[in-house]
$ cat start-v3.cif   # mmCIF, C-alpha atoms and all ligand atoms
data_target
loop_
_atom_site.label_atom_id
_atom_site.label_comp_id
_atom_site.auth_asym_id
_atom_site.auth_seq_id
_atom_site.Cartn_x
_atom_site.Cartn_y
_atom_site.Cartn_z
CA MET W 1 -80.66 -85.17 -54.72
CA SER W 2 -80.62 -84.98 -50.97
CA ALA W 3 -81.67 -82.13 -48.70
CA ALA W 4 -78.04 -82.16 -47.53
CA LEU W 5 -77.00 -80.94 -50.97
CA ALA W 6 -79.38 -78.00 -50.74
CA ILE W 7 -77.96 -77.13 -47.32
CA ALA W 8 -74.37 -77.49 -48.57
CA PHE W 9 -75.15 -75.10 -51.43
CA GLN W 10 -75.12 -71.89 -49.44
CA HIS W 11 -75.84 -68.67 -51.30
CA GLN W 12 -77.49 -65.65 -49.71
CA PRO W 13 -79.71 -64.06 -52.38
CA VAL W 14 -79.04 -60.34 -52.81
CA LEU W 15 -81.71 -57.64 -52.97
CA LEU W 16 -84.28 -60.28 -52.09
CA SER W 17 -86.80 -57.99 -50.39
CA GLU W 18 -86.63 -55.60 -53.37
CA VAL W 19 -87.28 -58.47 -55.82
CA LEU W 20 -90.17 -59.75 -53.67
CA LYS W 21 -91.73 -56.31 -53.45
CA LEU W 22 -91.73 -56.09 -57.25
CA VAL W 23 -93.22 -59.54 -57.86
CA GLU W 24 -95.79 -59.17 -55.09
CA ALA W 25 -96.96 -55.93 -56.66
CA SER W 26 -97.30 -57.41 -60.15
CA GLY W 27 -98.40 -60.98 -59.30
CA PRO W 28 -96.82 -62.93 -62.17
CA ARG W 29 -98.28 -66.37 -62.87
CA LEU W 30 -95.27 -67.66 -64.79
CA ILE W 31 -91.71 -66.66 -63.88
CA LEU W 32 -88.42 -67.38 -65.62
CA ASP W 33 -85.39 -67.48 -63.31
CA GLY W 34 -82.38 -67.54 -65.63
CA THR W 35 -79.80 -67.93 -62.86
CA LEU W 36 -81.21 -70.39 -60.33
CA GLY W 37 -77.98 -70.86 -58.34
CA GLY W 38 -78.99 -71.98 -54.85
CA ALA W 39 -82.62 -71.14 -55.73
CA GLY W 40 -82.87 -68.55 -52.97
CA HIS W 41 -84.76 -66.02 -55.10
CA ALA W 42 -86.77 -68.78 -56.78
CA ALA W 43 -87.97 -70.38 -53.52
CA ALA W 44 -88.85 -67.01 -52.01
CA MET W 45 -90.84 -65.95 -55.09
CA LEU W 46 -92.73 -69.26 -55.14
CA ASP W 47 -93.52 -68.92 -51.43
CA ALA W 48 -94.71 -65.35 -51.90
CA LEU W 49 -96.91 -66.21 -54.91
CA PRO W 50 -98.71 -69.50 -54.24
CA GLU W 51 -100.38 -69.49 -57.68
CA ALA W 52 -97.16 -68.92 -59.61
CA LYS W 53 -95.12 -71.42 -61.59
CA LEU W 54 -91.43 -71.07 -62.36
CA VAL W 55 -89.08 -72.18 -65.13
CA GLY W 56 -85.54 -72.24 -63.76
CA ILE W 57 -82.33 -72.24 -65.78
CA ASP W 58 -78.72 -72.62 -64.74
CA ARG W 59 -75.69 -73.46 -66.83
CA ASP W 60 -74.01 -75.15 -63.84
CA PRO W 61 -75.16 -78.77 -63.41
CA GLU W 62 -74.20 -78.70 -59.70
CA ALA W 63 -76.35 -75.61 -59.13
CA LEU W 64 -79.24 -77.29 -60.89
CA ASP W 65 -78.97 -80.38 -58.65
CA ALA W 66 -78.96 -78.18 -55.55
CA ALA W 67 -81.90 -76.13 -56.85
CA ARG W 68 -83.83 -79.33 -57.62
CA ALA W 69 -83.38 -80.47 -54.02
CA ARG W 70 -84.34 -77.09 -52.61
CA LEU W 71 -87.40 -76.65 -54.83
CA ASP W 72 -88.65 -80.23 -54.45
CA ARG W 73 -91.50 -79.12 -52.16
CA PHE W 74 -93.02 -77.02 -54.96
CA SER W 75 -93.34 -80.19 -57.12
CA ASP W 76 -95.05 -79.46 -60.47
CA ARG W 77 -94.95 -75.69 -60.03
CA VAL W 78 -91.28 -75.86 -61.05
CA THR W 79 -89.54 -76.88 -64.28
CA LEU W 80 -85.73 -76.91 -64.30
CA VAL W 81 -83.51 -76.86 -67.37
CA HIS W 82 -79.74 -77.08 -67.79
CA ALA W 83 -78.98 -74.24 -70.22
CA SER W 84 -77.54 -70.77 -70.52
CA PHE W 85 -79.92 -67.86 -70.16
CA SER W 86 -78.81 -66.74 -73.61
CA GLU W 87 -80.82 -69.79 -74.77
CA ALA W 88 -83.96 -68.66 -72.93
CA SER W 89 -86.15 -68.29 -76.04
CA ARG W 90 -85.27 -71.79 -77.21
CA VAL W 91 -85.80 -73.25 -73.71
CA LEU W 92 -89.28 -71.70 -73.45
CA ALA W 93 -90.18 -72.75 -77.00
CA ASP W 94 -89.14 -76.35 -76.19
CA LEU W 95 -91.51 -76.23 -73.21
CA GLY W 96 -94.33 -74.88 -75.39
CA ILE W 97 -94.31 -71.53 -73.58
CA ALA W 98 -94.83 -68.39 -75.65
CA GLN W 99 -94.13 -65.75 -72.98
CA VAL W 100 -93.62 -65.35 -69.25
CA ASP W 101 -94.94 -62.71 -66.83
CA ALA W 102 -91.62 -62.03 -65.08
CA THR W 103 -87.95 -62.78 -65.58
CA LEU W 104 -84.99 -62.58 -63.21
CA VAL W 105 -81.28 -62.90 -63.89
CA ASP W 106 -78.92 -62.49 -60.93
CA LEU W 107 -75.53 -62.35 -62.61
CA GLY W 108 -72.09 -63.61 -61.69
CA VAL W 109 -70.97 -66.60 -59.66
CA SER W 110 -72.71 -68.13 -56.67
CA SER W 111 -71.02 -68.39 -53.29
CA HIS W 112 -71.08 -72.15 -53.81
CA GLN W 113 -69.07 -71.91 -57.03
CA PHE W 114 -66.66 -69.48 -55.42
CA ASP W 115 -66.25 -71.59 -52.28
CA THR W 116 -65.81 -74.96 -54.03
CA ALA W 117 -62.05 -75.45 -54.31
CA ASP W 118 -61.90 -77.61 -57.43
CA ARG W 119 -64.01 -75.23 -59.55
CA GLY W 120 -60.95 -72.97 -59.81
CA PHE W 121 -62.77 -69.65 -59.25
CA SER W 122 -60.83 -68.60 -56.18
CA PHE W 123 -57.18 -68.13 -55.23
CA ARG W 124 -58.11 -69.05 -51.67
CA PHE W 125 -57.58 -72.68 -52.72
CA ASP W 126 -55.02 -74.27 -55.01
CA ALA W 127 -56.84 -76.02 -57.86
CA PRO W 128 -56.64 -76.43 -61.64
CA LEU W 129 -57.45 -73.17 -63.45
CA ASP W 130 -60.95 -74.07 -64.65
CA MET W 131 -63.52 -71.30 -63.84
CA ARG W 132 -66.24 -72.69 -66.13
CA MET W 133 -69.76 -72.32 -64.74
CA ASP W 134 -70.88 -74.98 -67.20
CA THR W 135 -68.46 -77.81 -66.55
CA THR W 136 -69.85 -79.79 -69.50
CA ARG W 137 -68.60 -77.47 -72.25
CA GLY W 138 -66.25 -74.66 -73.21
CA MET W 139 -62.69 -73.66 -72.57
CA THR W 140 -61.13 -73.66 -69.12
CA ALA W 141 -59.22 -70.62 -67.86
CA PHE W 142 -55.96 -72.44 -68.50
CA GLU W 143 -56.96 -73.18 -72.11
CA LEU W 144 -57.93 -69.53 -72.50
CA ILE W 145 -54.58 -68.17 -71.36
CA ASP W 146 -52.78 -70.82 -73.39
CA THR W 147 -54.56 -69.93 -76.64
CA THR W 148 -54.89 -66.13 -76.29
CA ASP W 149 -51.98 -63.98 -77.43
CA GLU W 150 -50.29 -61.63 -75.02
CA GLU W 151 -51.84 -58.42 -76.31
CA ASP W 152 -55.39 -59.79 -76.30
CA LEU W 153 -54.84 -61.23 -72.85
CA ALA W 154 -53.62 -57.86 -71.57
CA ASN W 155 -56.66 -56.11 -73.08
CA LEU W 156 -59.00 -58.65 -71.56
CA ILE W 157 -57.45 -58.26 -68.09
CA PHE W 158 -57.56 -54.48 -68.45
CA GLN W 159 -61.16 -54.25 -69.67
CA LEU W 160 -62.90 -56.94 -67.64
CA GLY W 161 -60.71 -56.66 -64.54
CA GLU W 162 -60.01 -52.92 -64.69
CA GLU W 163 -56.42 -53.93 -63.87
CA ARG W 164 -53.90 -51.18 -64.63
CA GLN W 165 -50.94 -53.57 -64.56
CA SER W 166 -52.55 -55.80 -67.18
CA ARG W 167 -49.62 -55.70 -69.64
CA ARG W 168 -47.08 -56.79 -67.07
CA ILE W 169 -49.39 -59.56 -65.83
CA ALA W 170 -50.18 -60.81 -69.36
CA ARG W 171 -46.47 -60.96 -70.23
CA ALA W 172 -45.69 -63.04 -67.14
CA VAL W 173 -48.73 -65.29 -67.64
CA LYS W 174 -47.72 -66.08 -71.22
CA ALA W 175 -44.13 -66.77 -70.11
CA ASP W 176 -45.04 -69.07 -67.20
CA LEU W 177 -48.44 -70.50 -68.28
CA PRO W 178 -49.63 -71.20 -64.71
CA ARG W 179 -51.90 -74.24 -64.50
CA THR W 180 -53.36 -73.69 -61.06
CA THR W 181 -55.12 -70.92 -59.15
CA GLY W 182 -52.29 -70.88 -56.62
CA ALA W 183 -49.61 -70.48 -59.30
CA LEU W 184 -51.53 -67.68 -61.02
CA ALA W 185 -52.15 -65.83 -57.75
CA GLU W 186 -48.45 -66.07 -56.83
CA LEU W 187 -47.41 -64.87 -60.28
CA VAL W 188 -49.67 -61.79 -60.11
CA LYS W 189 -48.47 -61.01 -56.61
CA ARG W 190 -44.86 -61.24 -57.81
CA VAL W 191 -45.14 -59.07 -60.94
CA ALA W 192 -47.84 -56.64 -59.84
CA PRO W 193 -47.81 -56.37 -56.06
CA ALA W 194 -50.29 -53.89 -54.65
CA PRO W 195 -49.20 -53.31 -51.07
CA ARG W 196 -51.68 -50.52 -50.32
CA ASP W 197 -54.61 -52.37 -51.85
CA ALA W 198 -57.24 -53.74 -49.52
CA ILE W 199 -57.86 -56.63 -51.89
CA HIS W 200 -55.51 -59.42 -53.02
CA PRO W 201 -53.51 -58.25 -56.08
CA ALA W 202 -54.86 -61.18 -58.13
CA THR W 203 -58.55 -60.33 -57.53
CA ARG W 204 -58.98 -58.27 -60.71
CA THR W 205 -57.12 -60.78 -62.90
CA PHE W 206 -59.27 -63.64 -61.59
CA GLN W 207 -62.44 -61.65 -62.21
CA ALA W 208 -61.38 -60.85 -65.77
CA LEU W 209 -60.54 -64.46 -66.60
CA ARG W 210 -63.80 -65.71 -65.09
CA MET W 211 -65.84 -63.21 -67.10
CA ALA W 212 -63.98 -64.15 -70.29
CA VAL W 213 -64.15 -67.93 -69.76
CA ASN W 214 -67.92 -67.70 -69.28
CA ASP W 215 -68.43 -64.95 -71.88
CA GLU W 216 -70.48 -63.16 -69.25
CA LEU W 217 -71.00 -59.91 -71.17
CA GLY W 218 -71.80 -61.76 -74.40
CA GLU W 219 -74.35 -63.93 -72.57
CA LEU W 220 -75.98 -60.82 -71.11
CA ASP W 221 -76.22 -59.10 -74.50
CA LYS W 222 -77.80 -62.17 -76.10
CA TYR W 223 -80.28 -62.48 -73.24
CA LEU W 224 -81.27 -58.80 -73.33
CA ALA W 225 -81.89 -58.99 -77.06
CA GLN W 226 -84.49 -61.72 -76.39
CA LEU W 227 -86.16 -60.00 -73.44
CA PRO W 228 -88.80 -57.96 -75.35
CA ASP W 229 -90.11 -61.21 -76.88
CA LEU W 230 -89.80 -63.29 -73.70
CA LEU W 231 -92.08 -61.01 -71.70
CA ALA W 232 -95.86 -60.98 -72.01
CA ASP W 233 -97.58 -57.57 -72.20
CA GLY W 234 -97.14 -55.89 -68.81
CA GLY W 235 -94.49 -58.48 -67.87
CA MET W 236 -91.55 -57.50 -65.69
CA GLY W 237 -87.86 -58.01 -66.46
CA MET W 238 -85.45 -57.88 -63.48
CA VAL W 239 -81.65 -57.92 -63.74
CA ILE W 240 -79.17 -57.88 -60.83
CA THR W 241 -75.65 -56.86 -61.83
CA PHE W 242 -72.36 -56.80 -59.92
CA HIS W 243 -69.98 -55.18 -62.40
CA SER W 244 -70.05 -51.71 -63.95
CA LEU W 245 -69.79 -53.13 -67.48
CA GLU W 246 -72.80 -55.38 -66.85
CA ASP W 247 -74.82 -52.52 -65.40
CA ARG W 248 -73.87 -50.26 -68.29
CA ALA W 249 -75.07 -52.86 -70.80
CA VAL W 250 -78.40 -53.25 -68.98
CA LYS W 251 -78.91 -49.52 -68.50
CA HIS W 252 -78.23 -48.76 -72.16
CA PHE W 253 -80.41 -51.58 -73.41
CA PHE W 254 -83.35 -50.51 -71.25
CA ARG W 255 -82.87 -46.88 -72.25
CA GLU W 256 -82.60 -47.65 -75.91
CA HIS W 257 -85.84 -49.63 -75.75
CA GLY W 258 -87.45 -47.37 -73.18
CA THR W 259 -90.83 -45.72 -73.31
CA LYS W 260 -89.48 -42.51 -71.81
CA ARG W 261 -89.70 -39.78 -74.38
CA ARG W 262 -86.17 -38.85 -75.31
CA HIS W 263 -85.06 -35.44 -76.42
CA VAL W 264 -83.15 -35.54 -79.68
CA SER W 265 -80.70 -32.67 -80.11
CA LYS W 266 -81.19 -30.14 -82.85
CA TYR W 267 -77.92 -31.35 -84.40
CA LYS W 268 -79.21 -34.90 -84.64
CA ALA W 269 -82.58 -33.61 -85.80
CA ALA W 270 -80.83 -31.65 -88.52
CA ALA W 271 -78.92 -34.74 -89.55
CA THR W 272 -82.21 -36.59 -89.88
CA SER W 273 -83.61 -33.66 -91.87
CA ALA W 274 -86.27 -32.80 -89.28
CA ALA W 275 -86.95 -29.09 -89.06
CA SER W 276 -86.74 -28.78 -85.26
CA PRO W 277 -85.71 -30.80 -82.20
CA ILE W 278 -87.93 -33.86 -81.89
CA THR W 279 -88.71 -36.46 -79.31
CA SER W 280 -88.84 -40.17 -79.94
CA ALA W 281 -90.67 -42.89 -78.05
CA ALA W 282 -89.06 -46.22 -78.94
CA GLY W 283 -91.37 -47.83 -76.47
CA VAL W 284 -90.86 -51.40 -75.24
CA PHE W 285 -89.86 -50.93 -71.59
CA MET W 286 -90.85 -48.66 -68.72
CA GLU W 287 -88.33 -48.54 -65.88
CA VAL W 288 -89.91 -49.63 -62.58
CA ALA W 289 -86.85 -50.05 -60.34
CA ASN W 290 -83.21 -49.04 -60.10
CA GLU W 291 -81.96 -49.99 -56.64
CA THR W 292 -78.85 -50.86 -54.68
CA ALA W 293 -78.63 -52.84 -51.46
CA SER W 294 -79.34 -51.19 -48.12
CA ASN W 295 -76.53 -50.58 -45.64
CA ALA W 296 -78.00 -53.31 -43.45
CA GLU W 297 -77.86 -55.84 -46.29
CA VAL W 298 -74.28 -54.89 -47.21
CA ALA W 299 -73.28 -55.28 -43.56
CA SER W 300 -74.67 -58.82 -43.44
CA ASN W 301 -73.63 -59.81 -46.99
CA PRO W 302 -70.55 -58.02 -48.42
CA ARG W 303 -71.35 -59.48 -51.86
CA ALA W 304 -74.32 -57.10 -52.02
CA ARG W 305 -72.01 -54.05 -51.99
CA SER W 306 -71.73 -53.79 -55.77
CA ALA W 307 -75.18 -55.21 -56.60
CA ARG W 308 -77.75 -53.19 -58.54
CA LEU W 309 -81.27 -54.26 -59.44
CA ARG W 310 -82.88 -52.79 -62.53
CA ALA W 311 -86.41 -53.71 -63.47
CA VAL W 312 -88.62 -52.79 -66.38
CA ARG W 313 -92.21 -53.43 -67.32
CA ARG W 314 -92.98 -54.45 -70.90
CA SER W 315 -95.42 -52.19 -72.72
CA PRO W 316 -98.46 -53.81 -74.35
CA ARG W 317 -97.83 -54.81 -77.96
CA SER W 318 -99.81 -52.77 -80.42
CA THR W 319 -102.52 -54.76 -82.17
C1 LIG W 401 -75.42 -65.21 -58.30
S1 LIG W 401 -75.85 -66.85 -58.62
C2 LIG W 401 -77.59 -66.85 -58.54
C3 LIG W 401 -78.11 -67.04 -57.16
C4 LIG W 401 -79.61 -67.22 -57.05
N1 LIG W 401 -80.33 -66.07 -57.49
C5 LIG W 401 -79.99 -67.59 -55.62
O1 LIG W 401 -80.81 -66.89 -55.04
O2 LIG W 401 -79.46 -68.57 -55.11
C6 LIG W 401 -75.58 -66.96 -60.30
C7 LIG W 401 -75.93 -68.30 -60.91
O3 LIG W 401 -76.18 -68.06 -62.28
C8 LIG W 401 -75.57 -69.03 -63.06
N2 LIG W 401 -75.26 -68.39 -64.33
C9 LIG W 401 -74.39 -67.39 -64.57
N3 LIG W 401 -74.40 -67.07 -65.86
C10 LIG W 401 -75.33 -67.86 -66.44
C11 LIG W 401 -75.82 -67.98 -67.78
N4 LIG W 401 -75.35 -67.23 -68.77
N5 LIG W 401 -76.78 -68.87 -68.01
C12 LIG W 401 -77.29 -69.65 -67.02
N6 LIG W 401 -76.84 -69.60 -65.74
C13 LIG W 401 -75.87 -68.70 -65.46
C14 LIG W 401 -74.34 -69.46 -62.29
O4 LIG W 401 -74.00 -70.78 -62.65
C15 LIG W 401 -74.83 -69.35 -60.84
O5 LIG W 401 -75.34 -70.56 -60.38
#

$ encode --input "start-v3.cif" --output "structure tokens"
Amino acid sequence: MSAALAIAFQHQPVLLSEVLKLVEASGPRLILDGTLGGAGHAAAMLDALPEAKLVGIDRDPEALDAARARLDRFSDRVTLVHASFSEASRVLADLGIAQVDATLVDLGVSSHQFDTADRGFSFRFDAPLDMRMDTTRGMTAFELIDTTDEEDLANLIFQLGEERQSRRIARAVKADLPRTTGALAELVKRVAPAPRDAIHPATRTFQALRMAVNDELGELDKYLAQLPDLLADGGMGMVITFHSLEDRAVKHFFREHGTKRRHVSKYKAAATSAASPITSAAGVFMEVANETASNAEVASNPRARSARLRAVRRSPRST
């Protein structure tokens, strides 16, 4: 792939200085980037750590081509694989890798995906309702609305899009079955106008469909479940989220597997037949970062507004 492709694939990595600070402090020798995208984080980490190697995953073949062009100068320090990050364990096993020293997933869509008209992610262009990150498999957004019943569609738009007019929108979508981004955006605007809203009335519906088409929360759950085994002792897991449901899933998972001693209420203690309140130390992860973007970053990159970076260090396995 040409350098022109790398240039055309524009994506400004969010929370980059925070990620670099973490990796520079821990000096990983092998990194897994589960969401290569335009390879902004990946290239910066490889530049900052000249001894490090990186395995990069993306489910979008176009992203992978762009990343390959951008990371060409690192030659054999980089291995790229077309896969979902929910397949990370299998990908590493196929490469003969037992564990890595650091992992990064930077969730959501890339600017390139969002800005490419025919991918169907944005109502700024009229295009078939696709929205798949992995264009080689899975249901398109049109197939999803065609095969989901009205009530489930309303629930999905409500939960993933936090759209209060979800029932009205789902009813109209099932009646009209819009095939393009333009038709869907017009339909939402017609049945659920939001004149005082700063954002386009279809924004939340598009977000919900995109998250459903790509099973974004399911992917995250499957990835998190593998993380304790993916990381070597002392290894660092970094996750950048953009949606409150994503952040909640990450926060709960890290807490549930955290090394922080948790107080267990006397009611729970009684239920477990302990005589008095107890503490438990489940013990896989220690939180090392929980950060949002600076005002300066948000000013230069509005996408960073809702971003949150959480990072944990894996405790040593007991022998
Ligand atoms: C926000 S972008 C990542 C940008 C990247 N960190 C950079 O600096 O350029 C998200 C990327 O992750 C990919 N992606 C999202 N979910 C994925 C998943 N479950 N498995 C693999 N790749 C995924 C998308 O295709 C997209 O290219």

$ residues_near_ligand --input "start-v3.cif" --ligand "ligand LIG 401 (chain W)" --cutoff "7 Å" --atoms "all atoms listed in the file" --output "MDAnalysis selection string"
chainID W and resid 11:13 34:42 57:60 63 83:86 106:110 133:134 216 219:220

$ residues_around --input "start-v3.cif" --residues "segment 285-291 of chain W" --least-positions-apart "3" --cutoff "12 Å" --atoms "only C-alpha atoms" --output "NGL selection string"
:W and (14-19 or 21-23 or 25-26 or 224 or 227-229 or 231-241 or 247 or 250-261 or 281-282 or 294 or 304-317)

$ write_last_selection --input "start-v3.cif" --atoms "C-alpha atoms" --output "PDB file, in the frame of the given file"
ATOM      1  CA  VAL W  14     -79.040 -60.340 -52.810  1.00  0.00           C
ATOM      2  CA  LEU W  15     -81.710 -57.640 -52.970  1.00  0.00           C
ATOM      3  CA  LEU W  16     -84.280 -60.280 -52.090  1.00  0.00           C
ATOM      4  CA  SER W  17     -86.800 -57.990 -50.390  1.00  0.00           C
ATOM      5  CA  GLU W  18     -86.630 -55.600 -53.370  1.00  0.00           C
ATOM      6  CA  VAL W  19     -87.280 -58.470 -55.820  1.00  0.00           C
ATOM      7  CA  LYS W  21     -91.730 -56.310 -53.450  1.00  0.00           C
ATOM      8  CA  LEU W  22     -91.730 -56.090 -57.250  1.00  0.00           C
ATOM      9  CA  VAL W  23     -93.220 -59.540 -57.860  1.00  0.00           C
ATOM     10  CA  ALA W  25     -96.960 -55.930 -56.660  1.00  0.00           C
ATOM     11  CA  SER W  26     -97.300 -57.410 -60.150  1.00  0.00           C
ATOM     12  CA  LEU W 224     -81.270 -58.800 -73.330  1.00  0.00           C
ATOM     13  CA  LEU W 227     -86.160 -60.000 -73.440  1.00  0.00           C
ATOM     14  CA  PRO W 228     -88.800 -57.960 -75.350  1.00  0.00           C
ATOM     15  CA  ASP W 229     -90.110 -61.210 -76.880  1.00  0.00           C
ATOM     16  CA  LEU W 231     -92.080 -61.010 -71.700  1.00  0.00           C
ATOM     17  CA  ALA W 232     -95.860 -60.980 -72.010  1.00  0.00           C
ATOM     18  CA  ASP W 233     -97.580 -57.570 -72.200  1.00  0.00           C
ATOM     19  CA  GLY W 234     -97.140 -55.890 -68.810  1.00  0.00           C
ATOM     20  CA  GLY W 235     -94.490 -58.480 -67.870  1.00  0.00           C
ATOM     21  CA  MET W 236     -91.550 -57.500 -65.690  1.00  0.00           C
ATOM     22  CA  GLY W 237     -87.860 -58.010 -66.460  1.00  0.00           C
ATOM     23  CA  MET W 238     -85.450 -57.880 -63.480  1.00  0.00           C
ATOM     24  CA  VAL W 239     -81.650 -57.920 -63.740  1.00  0.00           C
ATOM     25  CA  ILE W 240     -79.170 -57.880 -60.830  1.00  0.00           C
ATOM     26  CA  THR W 241     -75.650 -56.860 -61.830  1.00  0.00           C
ATOM     27  CA  ASP W 247     -74.820 -52.520 -65.400  1.00  0.00           C
ATOM     28  CA  VAL W 250     -78.400 -53.250 -68.980  1.00  0.00           C
ATOM     29  CA  LYS W 251     -78.910 -49.520 -68.500  1.00  0.00           C
ATOM     30  CA  HIS W 252     -78.230 -48.760 -72.160  1.00  0.00           C
ATOM     31  CA  PHE W 253     -80.410 -51.580 -73.410  1.00  0.00           C
ATOM     32  CA  PHE W 254     -83.350 -50.510 -71.250  1.00  0.00           C
ATOM     33  CA  ARG W 255     -82.870 -46.880 -72.250  1.00  0.00           C
ATOM     34  CA  GLU W 256     -82.600 -47.650 -75.910  1.00  0.00           C
ATOM     35  CA  HIS W 257     -85.840 -49.630 -75.750  1.00  0.00           C
ATOM     36  CA  GLY W 258     -87.450 -47.370 -73.180  1.00  0.00           C
ATOM     37  CA  THR W 259     -90.830 -45.720 -73.310  1.00  0.00           C
ATOM     38  CA  LYS W 260     -89.480 -42.510 -71.810  1.00  0.00           C
ATOM     39  CA  ARG W 261     -89.700 -39.780 -74.380  1.00  0.00           C
ATOM     40  CA  ALA W 281     -90.670 -42.890 -78.050  1.00  0.00           C
ATOM     41  CA  ALA W 282     -89.060 -46.220 -78.940  1.00  0.00           C
ATOM     42  CA  SER W 294     -79.340 -51.190 -48.120  1.00  0.00           C
ATOM     43  CA  ALA W 304     -74.320 -57.100 -52.020  1.00  0.00           C
ATOM     44  CA  ARG W 305     -72.010 -54.050 -51.990  1.00  0.00           C
ATOM     45  CA  SER W 306     -71.730 -53.790 -55.770  1.00  0.00           C
ATOM     46  CA  ALA W 307     -75.180 -55.210 -56.600  1.00  0.00           C
ATOM     47  CA  ARG W 308     -77.750 -53.190 -58.540  1.00  0.00           C
ATOM     48  CA  LEU W 309     -81.270 -54.260 -59.440  1.00  0.00           C
ATOM     49  CA  ARG W 310     -82.880 -52.790 -62.530  1.00  0.00           C
ATOM     50  CA  ALA W 311     -86.410 -53.710 -63.470  1.00  0.00           C
ATOM     51  CA  VAL W 312     -88.620 -52.790 -66.380  1.00  0.00           C
ATOM     52  CA  ARG W 313     -92.210 -53.430 -67.320  1.00  0.00           C
ATOM     53  CA  ARG W 314     -92.980 -54.450 -70.900  1.00  0.00           C
ATOM     54  CA  SER W 315     -95.420 -52.190 -72.720  1.00  0.00           C
ATOM     55  CA  PRO W 316     -98.460 -53.810 -74.350  1.00  0.00           C
ATOM     56  CA  ARG W 317     -97.830 -54.810 -77.960  1.00  0.00           C
TER      57      ARG W 317
END

$ residues_around --input "start-v3.cif" --residues "Leu54 of chain W" --least-positions-apart "4" --cutoff "6 Å" --atoms "all atoms listed in the file" --output "list in words"
Leu30, Ile31, Leu32 and Val78 of chain W

$ residues_around --input "start-v3.cif" --residues "segment 171-187 of chain W" --least-positions-apart "2" --cutoff "8 Å" --atoms "all atoms listed in the file" --output "JSON, numbers by chain"
{"W": [120, 121, 122, 123, 124, 125, 126, 127, 128, 129, 142, 145, 146, 149, 150, 154, 167, 168, 169, 189, 190, 191, 201, 202]}

$ atom_distance --input "start-v3.cif" --atom1 "atom CA of Ala212 of chain W" --atom2 "atom CA of Gln226 of chain W"
21.5 Å

$ closest_residue --input "start-v3.cif" --among "W:Leu64, W:Met45, W:Val55, W:Leu230" --to "Ala98 of chain W" --atoms "only C-alpha atoms"
W:Leu230

$ atom_distance --input "start-v3.cif" --atom1 "atom CA of Thr140 of chain W" --atom2 "atom CA of Arg119 of chain W"
10.1 Å

$ residues_around --input "start-v3.cif" --residues "Gly27 of chain W" --least-positions-apart "6" --cutoff "9 Å" --atoms "all atoms listed in the file" --output "list of chain:residue names"
W:Leu49, W:Glu51, W:Ala52, W:Asp101, W:Ala102

$ axis_aligned_box --input "start-v3.cif" --around "segment 172-177 of chain W" --padding-each-side "8 Å" --output "JSON"
{"center_x": -46.4, "center_y": -66.8, "center_z": -69.2, "size_x": 20.6, "size_y": 23.5, "size_z": 20.1}

$ atom_distance --input "start-v3.cif" --atom1 "atom CA of Ala141 of chain W" --atom2 "atom CA of Asp115 of chain W"
17.1 Å

$ residues_around --input "start-v3.cif" --residues "Arg164 of chain W" --least-positions-apart "4" --cutoff "12 Å" --atoms "only C-alpha atoms" --output "VMD selection string"
chain W and resid 154 to 160 168 to 170 192 to 194 201 to 202 204 to 205

$ closest_residue --input "start-v3.cif" --among "W:Ala88, W:Ala48, W:Gln113, W:Ile97" --to "Ala66 of chain W" --atoms "all atoms listed in the file"
W:Gln113
